[in-house]
$ cat model.pdb   # PDB, C-alpha atoms
ATOM      1  CA  MET A 179     -96.694  -1.729  68.987  1.00  0.00           C
ATOM      2  CA  SER A 180     -97.531   1.909  68.375  1.00  0.00           C
ATOM      3  CA  ARG A 181     -99.223   3.170  65.238  1.00  0.00           C
ATOM      4  CA  ARG A 182     -96.105   5.123  64.259  1.00  0.00           C
ATOM      5  CA  ALA A 183     -93.838   2.045  64.600  1.00  0.00           C
ATOM      6  CA  LEU A 184     -96.307  -0.054  62.577  1.00  0.00           C
ATOM      7  CA  CYS A 185     -96.393   2.546  59.768  1.00  0.00           C
ATOM      8  CA  ALA A 186     -92.584   2.760  59.794  1.00  0.00           C
ATOM      9  CA  ARG A 187     -92.252  -1.035  59.567  1.00  0.00           C
ATOM     10  CA  LEU A 188     -94.871  -1.220  56.806  1.00  0.00           C
ATOM     11  CA  GLY A 189     -93.101   1.594  54.920  1.00  0.00           C
ATOM     12  CA  LEU A 190     -89.740  -0.198  55.160  1.00  0.00           C
ATOM     13  CA  GLY A 191     -91.318  -3.420  53.925  1.00  0.00           C
ATOM     14  CA  VAL A 192     -92.890  -1.665  50.909  1.00  0.00           C
ATOM     15  CA  PHE A 193     -89.580   0.123  50.180  1.00  0.00           C
ATOM     16  CA  ALA A 194     -87.664  -3.182  50.323  1.00  0.00           C
ATOM     17  CA  ALA A 195     -90.184  -4.869  48.031  1.00  0.00           C
ATOM     18  CA  LEU A 196     -90.103  -2.009  45.531  1.00  0.00           C
ATOM     19  CA  SER A 197     -86.291  -1.916  45.628  1.00  0.00           C
ATOM     20  CA  GLY A 198     -86.177  -5.603  44.735  1.00  0.00           C
ATOM     21  CA  VAL A 199     -88.606  -5.106  41.838  1.00  0.00           C
ATOM     22  CA  ALA A 200     -86.753  -2.017  40.605  1.00  0.00           C
ATOM     23  CA  GLY A 201     -83.438  -3.854  40.892  1.00  0.00           C
ATOM     24  CA  GLY A 202     -84.812  -6.587  38.658  1.00  0.00           C
ATOM     25  CA  LEU A 203     -86.033  -4.037  36.092  1.00  0.00           C
ATOM     26  CA  ILE A 204     -82.937  -1.884  35.870  1.00  0.00           C
ATOM     27  CA  PRO A 205     -80.880  -4.391  33.838  1.00  0.00           C
ATOM     28  CA  ALA A 206     -83.841  -4.870  31.483  1.00  0.00           C
ATOM     29  CA  LEU A 207     -84.147  -1.112  30.951  1.00  0.00           C
ATOM     30  CA  ALA A 208     -80.437  -0.482  30.542  1.00  0.00           C
ATOM     31  CA  GLU A 209     -79.366   0.440  27.040  1.00  0.00           C
ATOM     32  CA  GLU A 210     -77.730  -2.311  25.084  1.00  0.00           C
ATOM     33  CA  ARG A 211     -75.364  -1.971  22.163  1.00  0.00           C
ATOM     34  CA  PRO A 212     -77.574  -1.946  19.065  1.00  0.00           C
ATOM     35  CA  ILE A 213     -77.522  -5.133  16.944  1.00  0.00           C
ATOM     36  CA  PRO A 214     -76.211  -4.790  13.333  1.00  0.00           C
ATOM     37  CA  TYR A 215     -78.457  -4.697  10.242  1.00  0.00           C
ATOM     38  CA  THR A 216     -77.860  -6.700   7.046  1.00  0.00           C
ATOM     39  CA  ASP A 217     -77.466  -5.149   3.587  1.00  0.00           C
ATOM     40  CA  ASN A 218     -80.857  -6.528   2.506  1.00  0.00           C
ATOM     41  CA  GLU A 219     -82.664  -4.998   5.500  1.00  0.00           C
ATOM     42  CA  LEU A 220     -81.056  -1.614   4.839  1.00  0.00           C
ATOM     43  CA  ILE A 221     -81.804  -1.754   1.111  1.00  0.00           C
ATOM     44  CA  ASP A 222     -85.453  -2.725   1.739  1.00  0.00           C
ATOM     45  CA  ASN A 223     -85.939   0.124   4.234  1.00  0.00           C
ATOM     46  CA  GLY A 224     -84.110   2.525   1.921  1.00  0.00           C
ATOM     47  CA  HIS A 225     -86.316   1.528  -1.038  1.00  0.00           C
ATOM     48  CA  ARG A 226     -89.428   2.324   0.979  1.00  0.00           C
ATOM     49  CA  PHE A 227     -87.955   5.676   2.029  1.00  0.00           C
ATOM     50  CA  PHE A 228     -86.247   6.829  -1.182  1.00  0.00           C
ATOM     51  CA  GLY A 229     -88.609   5.274  -3.733  1.00  0.00           C
ATOM     52  CA  SER A 230     -87.324   4.910  -7.281  1.00  0.00           C
ATOM     53  CA  LEU A 231     -83.613   5.524  -6.638  1.00  0.00           C
ATOM     54  CA  SER A 232     -83.136   1.843  -5.926  1.00  0.00           C
ATOM     55  CA  ARG A 233     -80.013   0.978  -7.893  1.00  0.00           C
ATOM     56  CA  GLY A 234     -77.909   3.905  -6.652  1.00  0.00           C
ATOM     57  CA  LEU A 235     -79.042   3.289  -3.073  1.00  0.00           C
ATOM     58  CA  ALA A 236     -78.212  -0.416  -3.211  1.00  0.00           C
ATOM     59  CA  GLU A 237     -74.743   0.327  -4.606  1.00  0.00           C
ATOM     60  CA  ALA A 238     -74.088   2.988  -1.952  1.00  0.00           C
ATOM     61  CA  ILE A 239     -75.151   0.673   0.899  1.00  0.00           C
ATOM     62  CA  GLN A 240     -73.106  -2.245  -0.432  1.00  0.00           C
ATOM     63  CA  SER A 241     -70.065  -0.008  -0.875  1.00  0.00           C
ATOM     64  CA  ALA A 242     -70.386   1.312   2.698  1.00  0.00           C
ATOM     65  CA  THR A 243     -70.845  -2.138   4.260  1.00  0.00           C
ATOM     66  CA  LYS A 244     -67.889  -3.469   2.280  1.00  0.00           C
ATOM     67  CA  ARG A 245     -65.723  -0.729   3.780  1.00  0.00           C
ATOM     68  CA  TRP A 246     -67.084  -0.415   7.358  1.00  0.00           C
ATOM     69  CA  GLY A 247     -69.003  -3.661   7.949  1.00  0.00           C
ATOM     70  CA  GLN A 248     -72.592  -3.961   9.152  1.00  0.00           C
ATOM     71  CA  PRO A 249     -74.110  -0.820  10.747  1.00  0.00           C
ATOM     72  CA  ASN A 250     -75.849  -1.264  14.061  1.00  0.00           C
ATOM     73  CA  ALA A 251     -78.170   1.748  13.596  1.00  0.00           C
ATOM     74  CA  TYR A 252     -79.445   3.976  10.826  1.00  0.00           C
ATOM     75  CA  VAL A 253     -81.285   7.278  10.428  1.00  0.00           C
ATOM     76  CA  LEU A 254     -83.969   8.140   7.874  1.00  0.00           C
ATOM     77  CA  GLY A 255     -84.737  11.842   7.529  1.00  0.00           C
ATOM     78  CA  GLN A 256     -84.551  14.996   5.488  1.00  0.00           C
ATOM     79  CA  GLU A 257     -82.196  17.944   5.483  1.00  0.00           C
ATOM     80  CA  ALA A 258     -81.459  21.245   3.787  1.00  0.00           C
ATOM     81  CA  GLY A 259     -78.188  23.006   3.284  1.00  0.00           C
ATOM     82  CA  GLY A 260     -76.577  25.896   1.524  1.00  0.00           C
ATOM     83  CA  ALA A 261     -73.109  27.293   1.038  1.00  0.00           C
ATOM     84  CA  PHE A 262     -71.150  30.160  -0.405  1.00  0.00           C
ATOM     85  CA  VAL A 263     -67.623  29.292   0.778  1.00  0.00           C
ATOM     86  CA  GLY A 264     -69.033  28.866   4.315  1.00  0.00           C
ATOM     87  CA  GLY A 265     -72.173  26.814   4.669  1.00  0.00           C
ATOM     88  CA  VAL A 266     -74.705  25.288   7.038  1.00  0.00           C
ATOM     89  CA  ARG A 267     -76.834  22.154   7.074  1.00  0.00           C
ATOM     90  CA  PHE A 268     -79.931  21.338   9.150  1.00  0.00           C
ATOM     91  CA  GLY A 269     -81.813  18.053   9.308  1.00  0.00           C
ATOM     92  CA  GLU A 270     -84.211  15.884  11.242  1.00  0.00           C
ATOM     93  CA  GLY A 271     -85.185  12.239  11.215  1.00  0.00           C
ATOM     94  CA  THR A 272     -85.566   9.037  13.185  1.00  0.00           C
ATOM     95  CA  MET A 273     -82.725   6.777  14.314  1.00  0.00           C
ATOM     96  CA  TYR A 274     -83.633   3.087  14.128  1.00  0.00           C
ATOM     97  CA  THR A 275     -81.963   0.340  16.134  1.00  0.00           C
ATOM     98  CA  ARG A 276     -82.928  -3.289  16.331  1.00  0.00           C
ATOM     99  CA  ASN A 277     -82.821  -3.666  20.120  1.00  0.00           C
ATOM    100  CA  ALA A 278     -82.318  -0.210  21.712  1.00  0.00           C
ATOM    101  CA  GLY A 279     -85.449   1.541  20.438  1.00  0.00           C
ATOM    102  CA  ASP A 280     -86.084   4.258  17.882  1.00  0.00           C
ATOM    103  CA  ARG A 281     -85.308   7.910  18.582  1.00  0.00           C
ATOM    104  CA  ARG A 282     -86.109  11.230  16.987  1.00  0.00           C
ATOM    105  CA  VAL A 283     -82.840  13.041  16.140  1.00  0.00           C
ATOM    106  CA  PHE A 284     -81.864  16.435  14.780  1.00  0.00           C
ATOM    107  CA  TRP A 285     -78.573  17.499  13.240  1.00  0.00           C
ATOM    108  CA  GLN A 286     -76.934  20.713  12.206  1.00  0.00           C
ATOM    109  CA  GLY A 287     -73.482  21.872  11.359  1.00  0.00           C
ATOM    110  CA  PRO A 288     -71.245  24.387   9.622  1.00  0.00           C
ATOM    111  CA  SER A 289     -68.831  23.794   6.763  1.00  0.00           C
ATOM    112  CA  LEU A 290     -65.991  25.674   5.105  1.00  0.00           C
ATOM    113  CA  GLY A 291     -64.487  25.126   1.666  1.00  0.00           C
ATOM    114  CA  LEU A 292     -64.903  25.606  -2.054  1.00  0.00           C
ATOM    115  CA  ASP A 293     -68.617  24.917  -1.961  1.00  0.00           C
ATOM    116  CA  TYR A 294     -71.466  26.829  -3.634  1.00  0.00           C
ATOM    117  CA  GLY A 295     -75.200  26.276  -3.949  1.00  0.00           C
ATOM    118  CA  ALA A 296     -78.167  24.917  -2.032  1.00  0.00           C
ATOM    119  CA  ASP A 297     -79.880  21.561  -1.766  1.00  0.00           C
ATOM    120  CA  GLY A 298     -82.737  19.733  -0.062  1.00  0.00           C
ATOM    121  CA  ASP A 299     -82.189  16.037   0.534  1.00  0.00           C
ATOM    122  CA  ARG A 300     -83.750  12.847   1.771  1.00  0.00           C
ATOM    123  CA  THR A 301     -81.055  11.220   3.841  1.00  0.00           C
ATOM    124  CA  MET A 302     -80.238   7.747   5.091  1.00  0.00           C
ATOM    125  CA  MET A 303     -77.351   7.667   7.567  1.00  0.00           C
ATOM    126  CA  LEU A 304     -75.678   4.344   8.301  1.00  0.00           C
ATOM    127  CA  ILE A 305     -74.146   4.308  11.789  1.00  0.00           C
ATOM    128  CA  TYR A 306     -71.243   1.988  12.638  1.00  0.00           C
ATOM    129  CA  ASN A 307     -69.862   0.961  16.051  1.00  0.00           C
ATOM    130  CA  LEU A 308     -72.521   2.832  18.033  1.00  0.00           C
ATOM    131  CA  PRO A 309     -71.998   1.665  21.655  1.00  0.00           C
ATOM    132  CA  SER A 310     -75.367   3.107  22.821  1.00  0.00           C
ATOM    133  CA  THR A 311     -78.044   5.408  21.430  1.00  0.00           C
ATOM    134  CA  GLU A 312     -76.725   8.270  23.595  1.00  0.00           C
ATOM    135  CA  ALA A 313     -73.342   8.088  21.821  1.00  0.00           C
ATOM    136  CA  LEU A 314     -74.896   9.675  18.705  1.00  0.00           C
ATOM    137  CA  TYR A 315     -75.294  13.039  20.477  1.00  0.00           C
ATOM    138  CA  GLN A 316     -71.903  14.548  19.624  1.00  0.00           C
ATOM    139  CA  ARG A 317     -70.054  16.236  16.734  1.00  0.00           C
ATOM    140  CA  PHE A 318     -68.941  14.107  13.771  1.00  0.00           C
ATOM    141  CA  VAL A 319     -66.209  15.595  11.559  1.00  0.00           C
ATOM    142  CA  GLY A 320     -65.624  14.840   7.885  1.00  0.00           C
ATOM    143  CA  VAL A 321     -65.047  16.013   4.324  1.00  0.00           C
ATOM    144  CA  ASP A 322     -68.029  16.364   1.997  1.00  0.00           C
ATOM    145  CA  GLY A 323     -68.188  16.784  -1.751  1.00  0.00           C
ATOM    146  CA  SER A 324     -71.191  17.604  -3.923  1.00  0.00           C
ATOM    147  CA  ALA A 325     -71.670  17.879  -7.659  1.00  0.00           C
ATOM    148  CA  TYR A 326     -75.204  18.034  -9.002  1.00  0.00           C
ATOM    149  CA  LEU A 327     -77.623  20.234 -10.847  1.00  0.00           C
ATOM    150  CA  VAL A 328     -81.373  19.714 -10.361  1.00  0.00           C
ATOM    151  CA  GLY A 329     -80.885  16.317  -8.667  1.00  0.00           C
ATOM    152  CA  GLY A 330     -78.133  14.121  -7.353  1.00  0.00           C
ATOM    153  CA  PHE A 331     -76.940  11.350  -5.094  1.00  0.00           C
ATOM    154  CA  GLY A 332     -73.965  11.394  -2.704  1.00  0.00           C
ATOM    155  CA  VAL A 333     -72.201   9.478   0.070  1.00  0.00           C
ATOM    156  CA  THR A 334     -69.812  10.848   2.730  1.00  0.00           C
ATOM    157  CA  ALA A 335     -68.326   9.608   6.013  1.00  0.00           C
ATOM    158  CA  LEU A 336     -68.040  11.391   9.358  1.00  0.00           C
ATOM    159  CA  THR A 337     -66.300  10.066  12.492  1.00  0.00           C
ATOM    160  CA  ALA A 338     -66.039  10.726  16.229  1.00  0.00           C
ATOM    161  CA  ASN A 339     -64.729   8.554  19.072  1.00  0.00           C
ATOM    162  CA  GLY A 340     -64.717   5.327  17.050  1.00  0.00           C
ATOM    163  CA  VAL A 341     -68.284   5.823  15.721  1.00  0.00           C
ATOM    164  CA  THR A 342     -68.707   6.358  11.967  1.00  0.00           C
ATOM    165  CA  VAL A 343     -71.763   7.993  10.380  1.00  0.00           C
ATOM    166  CA  VAL A 344     -72.199   7.568   6.613  1.00  0.00           C
ATOM    167  CA  PRO A 345     -74.873   9.901   5.173  1.00  0.00           C
ATOM    168  CA  ILE A 346     -76.346   8.767   1.843  1.00  0.00           C
ATOM    169  CA  ARG A 347     -78.149  11.753   0.331  1.00  0.00           C
ATOM    170  CA  THR A 348     -80.418  12.200  -2.623  1.00  0.00           C
ATOM    171  CA  GLY A 349     -82.128  15.447  -3.367  1.00  0.00           C
ATOM    172  CA  VAL A 350     -82.771  18.460  -5.490  1.00  0.00           C
ATOM    173  CA  GLY A 351     -80.897  21.703  -5.882  1.00  0.00           C
ATOM    174  CA  ALA A 352     -77.695  22.961  -7.417  1.00  0.00           C
ATOM    175  CA  ARG A 353     -74.508  22.280  -5.481  1.00  0.00           C
ATOM    176  CA  LEU A 354     -70.862  22.082  -6.488  1.00  0.00           C
ATOM    177  CA  GLY A 355     -67.793  21.868  -4.335  1.00  0.00           C
ATOM    178  CA  ILE A 356     -65.881  20.266  -1.531  1.00  0.00           C
ATOM    179  CA  ASN A 357     -65.825  21.286   2.130  1.00  0.00           C
ATOM    180  CA  ILE A 358     -64.767  20.250   5.594  1.00  0.00           C
ATOM    181  CA  GLY A 359     -67.189  20.498   8.477  1.00  0.00           C
ATOM    182  CA  TYR A 360     -69.103  18.626  11.099  1.00  0.00           C
ATOM    183  CA  LEU A 361     -72.605  17.498  11.983  1.00  0.00           C
ATOM    184  CA  LYS A 362     -73.780  17.848  15.563  1.00  0.00           C
ATOM    185  CA  PHE A 363     -76.612  15.490  16.563  1.00  0.00           C
ATOM    186  CA  THR A 364     -79.094  16.658  19.209  1.00  0.00           C
ATOM    187  CA  GLU A 365     -82.294  15.434  20.833  1.00  0.00           C
ATOM    188  CA  HIS A 366     -84.078  18.739  20.142  1.00  0.00           C
ATOM    189  CA  PRO A 367     -84.086  21.085  17.125  1.00  0.00           C
ATOM    190  CA  THR A 368     -81.923  24.215  17.228  1.00  0.00           C
ATOM    191  CA  TRP A 369     -81.029  26.998  14.793  1.00  0.00           C
ATOM    192  CA  ASN A 370     -77.479  27.199  16.156  1.00  0.00           C
ATOM    193  CA  PRO A 371     -75.254  25.184  13.751  1.00  0.00           C
ATOM    194  CA  PHE A 372     -72.324  25.279  16.165  1.00  0.00           C
TER     195      PHE A 372
END
$ encode --input "model.pdb" --output "structure tokens"
Amino acid sequence: MSRRALCARLGLGVFAALSGVAGGLIPALAEERPIPYTDNELIDNGHRFFGSLSRGLAEAIQSATKRWGQPNAYVLGQEAGGAFVGGVRFGEGTMYTRNAGDRRVFWQGPSLGLDYGADGDRTMMLIYNLPSTEALYQRFVGVDGSAYLVGGFGVTALTANGVTVVPIRTGVGARLGINIGYLKFTEHPTWNPF
């Protein structure tokens, strides 16, 4: 047998062996639908993140889970926004899932409505019916209302393609109004809110 034929046979054998190993790994690496979190797990993680706003946070989480069930992912992060009729919001944080890994996420979006002021918030977003972590990277539309001076606490709901995102915000600033808009989630930060 020639040297070339031997190398070709050896190469095919290595390729076949690696293909079998890779084939066994691919199902293990494939994204799974994230497993839901309980109210107590969310409240405990929220307490660590938000600090002293425990009662309002617990009530907001319980109200959301009563309406939409158990979320299968959540985001902890911070954001800033401002509006004078038209507005923008930018944020960043980490999305946590029980079985599909944690991911850094960024969000931004425009709004339009009777909305005035500016705010900076710590945000917990409960995510319902997320089929995979990649499904978060889209636009979620909803109506938002804010009414606080110096500090406040608010809950809204945004939806897209059967996935619901419920931001629970607490922060400082002066904001009053109601608007319609969307949040676009991305893997990388951007200054373009659209």
$ atom_distance --input "model.pdb" --atom1 "atom CA of Thr364 of chain A" --atom2 "atom CA of Arg211 of chain A"
19.2 Å
$ resolve_selection --input "model.pdb" --expression "the PyMOL selection byres ((chain A and resi 338-343) around 12)" --output "MDAnalysis selection string"
chainID A and resid 242:243 245:253 273 301:320 333:337 344:346 360:363
$ closest_residue --input "model.pdb" --among "A:Ile221, A:Val283, A:Ala296, A:Val266" --to "Ile358 of chain A" --atoms "all atoms listed in the file"
A:Val266
$ resolve_selection --input "model.pdb" --expression "the PyMOL selection byres ((chain A and resi 369) around 12)" --output "JSON, numbers by chain"
{"A": [266, 267, 268, 269, 284, 285, 286, 287, 288, 362, 364, 366, 367, 368, 370, 371, 372]}
$ atom_distance --input "model.pdb" --atom1 "atom CA of Gly298 of chain A" --atom2 "atom CA of Phe262 of chain A"
15.6 Å
$ atom_distance --input "model.pdb" --atom1 "atom CA of Ser289 of chain A" --atom2 "atom CA of Gly265 of chain A"
5.0 Å
$ residues_near_point --input "model.pdb" --point "(-76.4, 22.9, -0.2)" --cutoff "10 Å" --atoms "all atoms listed in the file" --output "list of chain:residue names"
A:Glu257, A:Ala258, A:Gly259, A:Gly260, A:Ala261, A:Phe262, A:Gly265, A:Val266, A:Arg267, A:Asp293, A:Tyr294, A:Gly295, A:Ala296, A:Asp297, A:Gly298, A:Asp299, A:Ser324, A:Gly349, A:Val350, A:Gly351, A:Ala352, A:Arg353, A:Leu354, A:Gly355
$ residues_around --input "model.pdb" --residues "Leu220 of chain A" --least-positions-apart "4" --cutoff "9 Å" --atoms "all atoms listed in the file" --output "ChimeraX atom specification"
/A:215-216,224-225,236,239,252,304
$ decode --input "model.pdb" --residues "segment 274-285 of chain A" --atoms "all heavy atoms" --output "PDB file, in the first residue's frame"
ATOM      1  N   TYR A 274     -30.926  35.105  32.694  1.00  0.00           N
ATOM      2  CA  TYR A 274     -30.668  33.857  33.412  1.00  0.00           C
ATOM      3  C   TYR A 274     -31.695  32.816  33.015  1.00  0.00           C
ATOM      4  O   TYR A 274     -32.887  33.102  32.958  1.00  0.00           O
ATOM      5  CB  TYR A 274     -30.745  34.087  34.927  1.00  0.00           C
ATOM      6  CG  TYR A 274     -29.709  35.057  35.420  1.00  0.00           C
ATOM      7  CD1 TYR A 274     -30.004  36.414  35.555  1.00  0.00           C
ATOM      8  CD2 TYR A 274     -28.425  34.627  35.750  1.00  0.00           C
ATOM      9  CE1 TYR A 274     -29.047  37.305  36.001  1.00  0.00           C
ATOM     10  CE2 TYR A 274     -27.469  35.512  36.200  1.00  0.00           C
ATOM     11  CZ  TYR A 274     -27.788  36.851  36.319  1.00  0.00           C
ATOM     12  OH  TYR A 274     -26.837  37.738  36.755  1.00  0.00           O
ATOM     13  N   THR A 275     -31.215  31.602  32.743  1.00  0.00           N
ATOM     14  CA  THR A 275     -32.088  30.461  32.514  1.00  0.00           C
ATOM     15  C   THR A 275     -31.550  29.320  33.371  1.00  0.00           C
ATOM     16  O   THR A 275     -30.370  29.293  33.703  1.00  0.00           O
ATOM     17  CB  THR A 275     -32.111  30.026  31.036  1.00  0.00           C
ATOM     18  OG1 THR A 275     -30.812  29.581  30.660  1.00  0.00           O
ATOM     19  CG2 THR A 275     -32.570  31.142  30.132  1.00  0.00           C
ATOM     20  N   ARG A 276     -32.413  28.419  33.703  1.00  0.00           N
ATOM     21  CA  ARG A 276     -32.007  27.308  34.560  1.00  0.00           C
ATOM     22  C   ARG A 276     -31.163  26.277  33.811  1.00  0.00           C
ATOM     23  O   ARG A 276     -30.210  25.738  34.346  1.00  0.00           O
ATOM     24  CB  ARG A 276     -33.252  26.639  35.141  1.00  0.00           C
ATOM     25  CG  ARG A 276     -32.949  25.602  36.189  1.00  0.00           C
ATOM     26  CD  ARG A 276     -34.194  24.887  36.654  1.00  0.00           C
ATOM     27  NE  ARG A 276     -35.246  25.743  37.132  1.00  0.00           N
ATOM     28  CZ  ARG A 276     -35.288  26.299  38.348  1.00  0.00           C
ATOM     29  NH1 ARG A 276     -34.317  26.127  39.174  1.00  0.00           N
ATOM     30  NH2 ARG A 276     -36.309  27.035  38.702  1.00  0.00           N
ATOM     31  N   ASN A 277     -31.481  26.021  32.545  1.00  0.00           N
ATOM     32  CA  ASN A 277     -30.807  24.932  31.835  1.00  0.00           C
ATOM     33  C   ASN A 277     -30.213  25.314  30.485  1.00  0.00           C
ATOM     34  O   ASN A 277     -29.600  24.494  29.838  1.00  0.00           O
ATOM     35  CB  ASN A 277     -31.783  23.773  31.623  1.00  0.00           C
ATOM     36  CG  ASN A 277     -32.947  24.174  30.741  1.00  0.00           C
ATOM     37  OD1 ASN A 277     -33.401  25.308  30.803  1.00  0.00           O
ATOM     38  ND2 ASN A 277     -33.437  23.257  29.943  1.00  0.00           N
ATOM     39  N   ALA A 278     -30.372  26.569  30.036  1.00  0.00           N
ATOM     40  CA  ALA A 278     -29.861  26.968  28.722  1.00  0.00           C
ATOM     41  C   ALA A 278     -28.742  27.997  28.832  1.00  0.00           C
ATOM     42  O   ALA A 278     -28.378  28.615  27.844  1.00  0.00           O
ATOM     43  CB  ALA A 278     -31.001  27.498  27.862  1.00  0.00           C
ATOM     44  N   GLY A 279     -28.214  28.208  30.021  1.00  0.00           N
ATOM     45  CA  GLY A 279     -27.093  29.130  30.192  1.00  0.00           C
ATOM     46  C   GLY A 279     -27.529  30.562  30.428  1.00  0.00           C
ATOM     47  O   GLY A 279     -28.692  30.919  30.285  1.00  0.00           O
ATOM     48  N   ASP A 280     -26.583  31.381  30.829  1.00  0.00           N
ATOM     49  CA  ASP A 280     -26.813  32.799  31.070  1.00  0.00           C
ATOM     50  C   ASP A 280     -26.206  33.586  29.911  1.00  0.00           C
ATOM     51  O   ASP A 280     -25.180  33.191  29.368  1.00  0.00           O
ATOM     52  CB  ASP A 280     -26.156  33.234  32.385  1.00  0.00           C
ATOM     53  CG  ASP A 280     -26.666  32.432  33.575  1.00  0.00           C
ATOM     54  OD1 ASP A 280     -27.771  31.874  33.478  1.00  0.00           O
ATOM     55  OD2 ASP A 280     -25.960  32.361  34.589  1.00  0.00           O
ATOM     56  N   ARG A 281     -26.855  34.688  29.547  1.00  0.00           N
ATOM     57  CA  ARG A 281     -26.391  35.485  28.417  1.00  0.00           C
ATOM     58  C   ARG A 281     -26.450  36.963  28.737  1.00  0.00           C
ATOM     59  O   ARG A 281     -27.392  37.433  29.359  1.00  0.00           O
ATOM     60  CB  ARG A 281     -27.285  35.251  27.201  1.00  0.00           C
ATOM     61  CG  ARG A 281     -27.193  33.865  26.679  1.00  0.00           C
ATOM     62  CD  ARG A 281     -27.452  33.878  25.246  1.00  0.00           C
ATOM     63  NE  ARG A 281     -27.233  32.535  24.741  1.00  0.00           N
ATOM     64  CZ  ARG A 281     -27.399  32.222  23.509  1.00  0.00           C
ATOM     65  NH1 ARG A 281     -27.782  33.114  22.651  1.00  0.00           N
ATOM     66  NH2 ARG A 281     -27.182  30.997  23.103  1.00  0.00           N
ATOM     67  N   ARG A 282     -25.470  37.688  28.265  1.00  0.00           N
ATOM     68  CA  ARG A 282     -25.468  39.139  28.346  1.00  0.00           C
ATOM     69  C   ARG A 282     -26.431  39.646  27.281  1.00  0.00           C
ATOM     70  O   ARG A 282     -26.401  39.181  26.128  1.00  0.00           O
ATOM     71  CB  ARG A 282     -24.057  39.651  28.076  1.00  0.00           C
ATOM     72  CG  ARG A 282     -23.880  41.077  28.399  1.00  0.00           C
ATOM     73  CD  ARG A 282     -23.514  41.212  29.863  1.00  0.00           C
ATOM     74  NE  ARG A 282     -23.287  42.604  30.151  1.00  0.00           N
ATOM     75  CZ  ARG A 282     -23.838  43.226  31.165  1.00  0.00           C
ATOM     76  NH1 ARG A 282     -24.592  42.576  32.018  1.00  0.00           N
ATOM     77  NH2 ARG A 282     -23.605  44.481  31.382  1.00  0.00           N
ATOM     78  N   VAL A 283     -27.335  40.574  27.634  1.00  0.00           N
ATOM     79  CA  VAL A 283     -28.292  41.119  26.677  1.00  0.00           C
ATOM     80  C   VAL A 283     -28.322  42.642  26.782  1.00  0.00           C
ATOM     81  O   VAL A 283     -28.010  43.215  27.827  1.00  0.00           O
ATOM     82  CB  VAL A 283     -29.723  40.555  26.879  1.00  0.00           C
ATOM     83  CG1 VAL A 283     -29.777  39.070  26.610  1.00  0.00           C
ATOM     84  CG2 VAL A 283     -30.254  40.863  28.254  1.00  0.00           C
ATOM     85  N   PHE A 284     -28.713  43.260  25.700  1.00  0.00           N
ATOM     86  CA  PHE A 284     -28.864  44.707  25.619  1.00  0.00           C
ATOM     87  C   PHE A 284     -30.231  44.979  25.022  1.00  0.00           C
ATOM     88  O   PHE A 284     -30.735  44.182  24.235  1.00  0.00           O
ATOM     89  CB  PHE A 284     -27.763  45.306  24.737  1.00  0.00           C
ATOM     90  CG  PHE A 284     -26.382  45.007  25.248  1.00  0.00           C
ATOM     91  CD1 PHE A 284     -25.745  43.830  24.887  1.00  0.00           C
ATOM     92  CD2 PHE A 284     -25.751  45.879  26.117  1.00  0.00           C
ATOM     93  CE1 PHE A 284     -24.482  43.535  25.375  1.00  0.00           C
ATOM     94  CE2 PHE A 284     -24.490  45.583  26.612  1.00  0.00           C
ATOM     95  CZ  PHE A 284     -23.859  44.420  26.239  1.00  0.00           C
ATOM     96  N   TRP A 285     -30.847  46.099  25.406  1.00  0.00           N
ATOM     97  CA  TRP A 285     -32.138  46.437  24.829  1.00  0.00           C
ATOM     98  C   TRP A 285     -32.221  47.938  24.628  1.00  0.00           C
ATOM     99  O   TRP A 285     -31.572  48.721  25.319  1.00  0.00           O
ATOM    100  CB  TRP A 285     -33.300  45.913  25.675  1.00  0.00           C
ATOM    101  CG  TRP A 285     -33.364  46.415  27.086  1.00  0.00           C
ATOM    102  CD1 TRP A 285     -34.049  47.510  27.560  1.00  0.00           C
ATOM    103  CD2 TRP A 285     -32.745  45.829  28.240  1.00  0.00           C
ATOM    104  NE1 TRP A 285     -33.893  47.637  28.911  1.00  0.00           N
ATOM    105  CE2 TRP A 285     -33.089  46.614  29.360  1.00  0.00           C
ATOM    106  CE3 TRP A 285     -31.924  44.719  28.427  1.00  0.00           C
ATOM    107  CZ2 TRP A 285     -32.652  46.337  30.645  1.00  0.00           C
ATOM    108  CZ3 TRP A 285     -31.490  44.448  29.718  1.00  0.00           C
ATOM    109  CH2 TRP A 285     -31.854  45.244  30.800  1.00  0.00           C
TER     110      TRP A 285
END
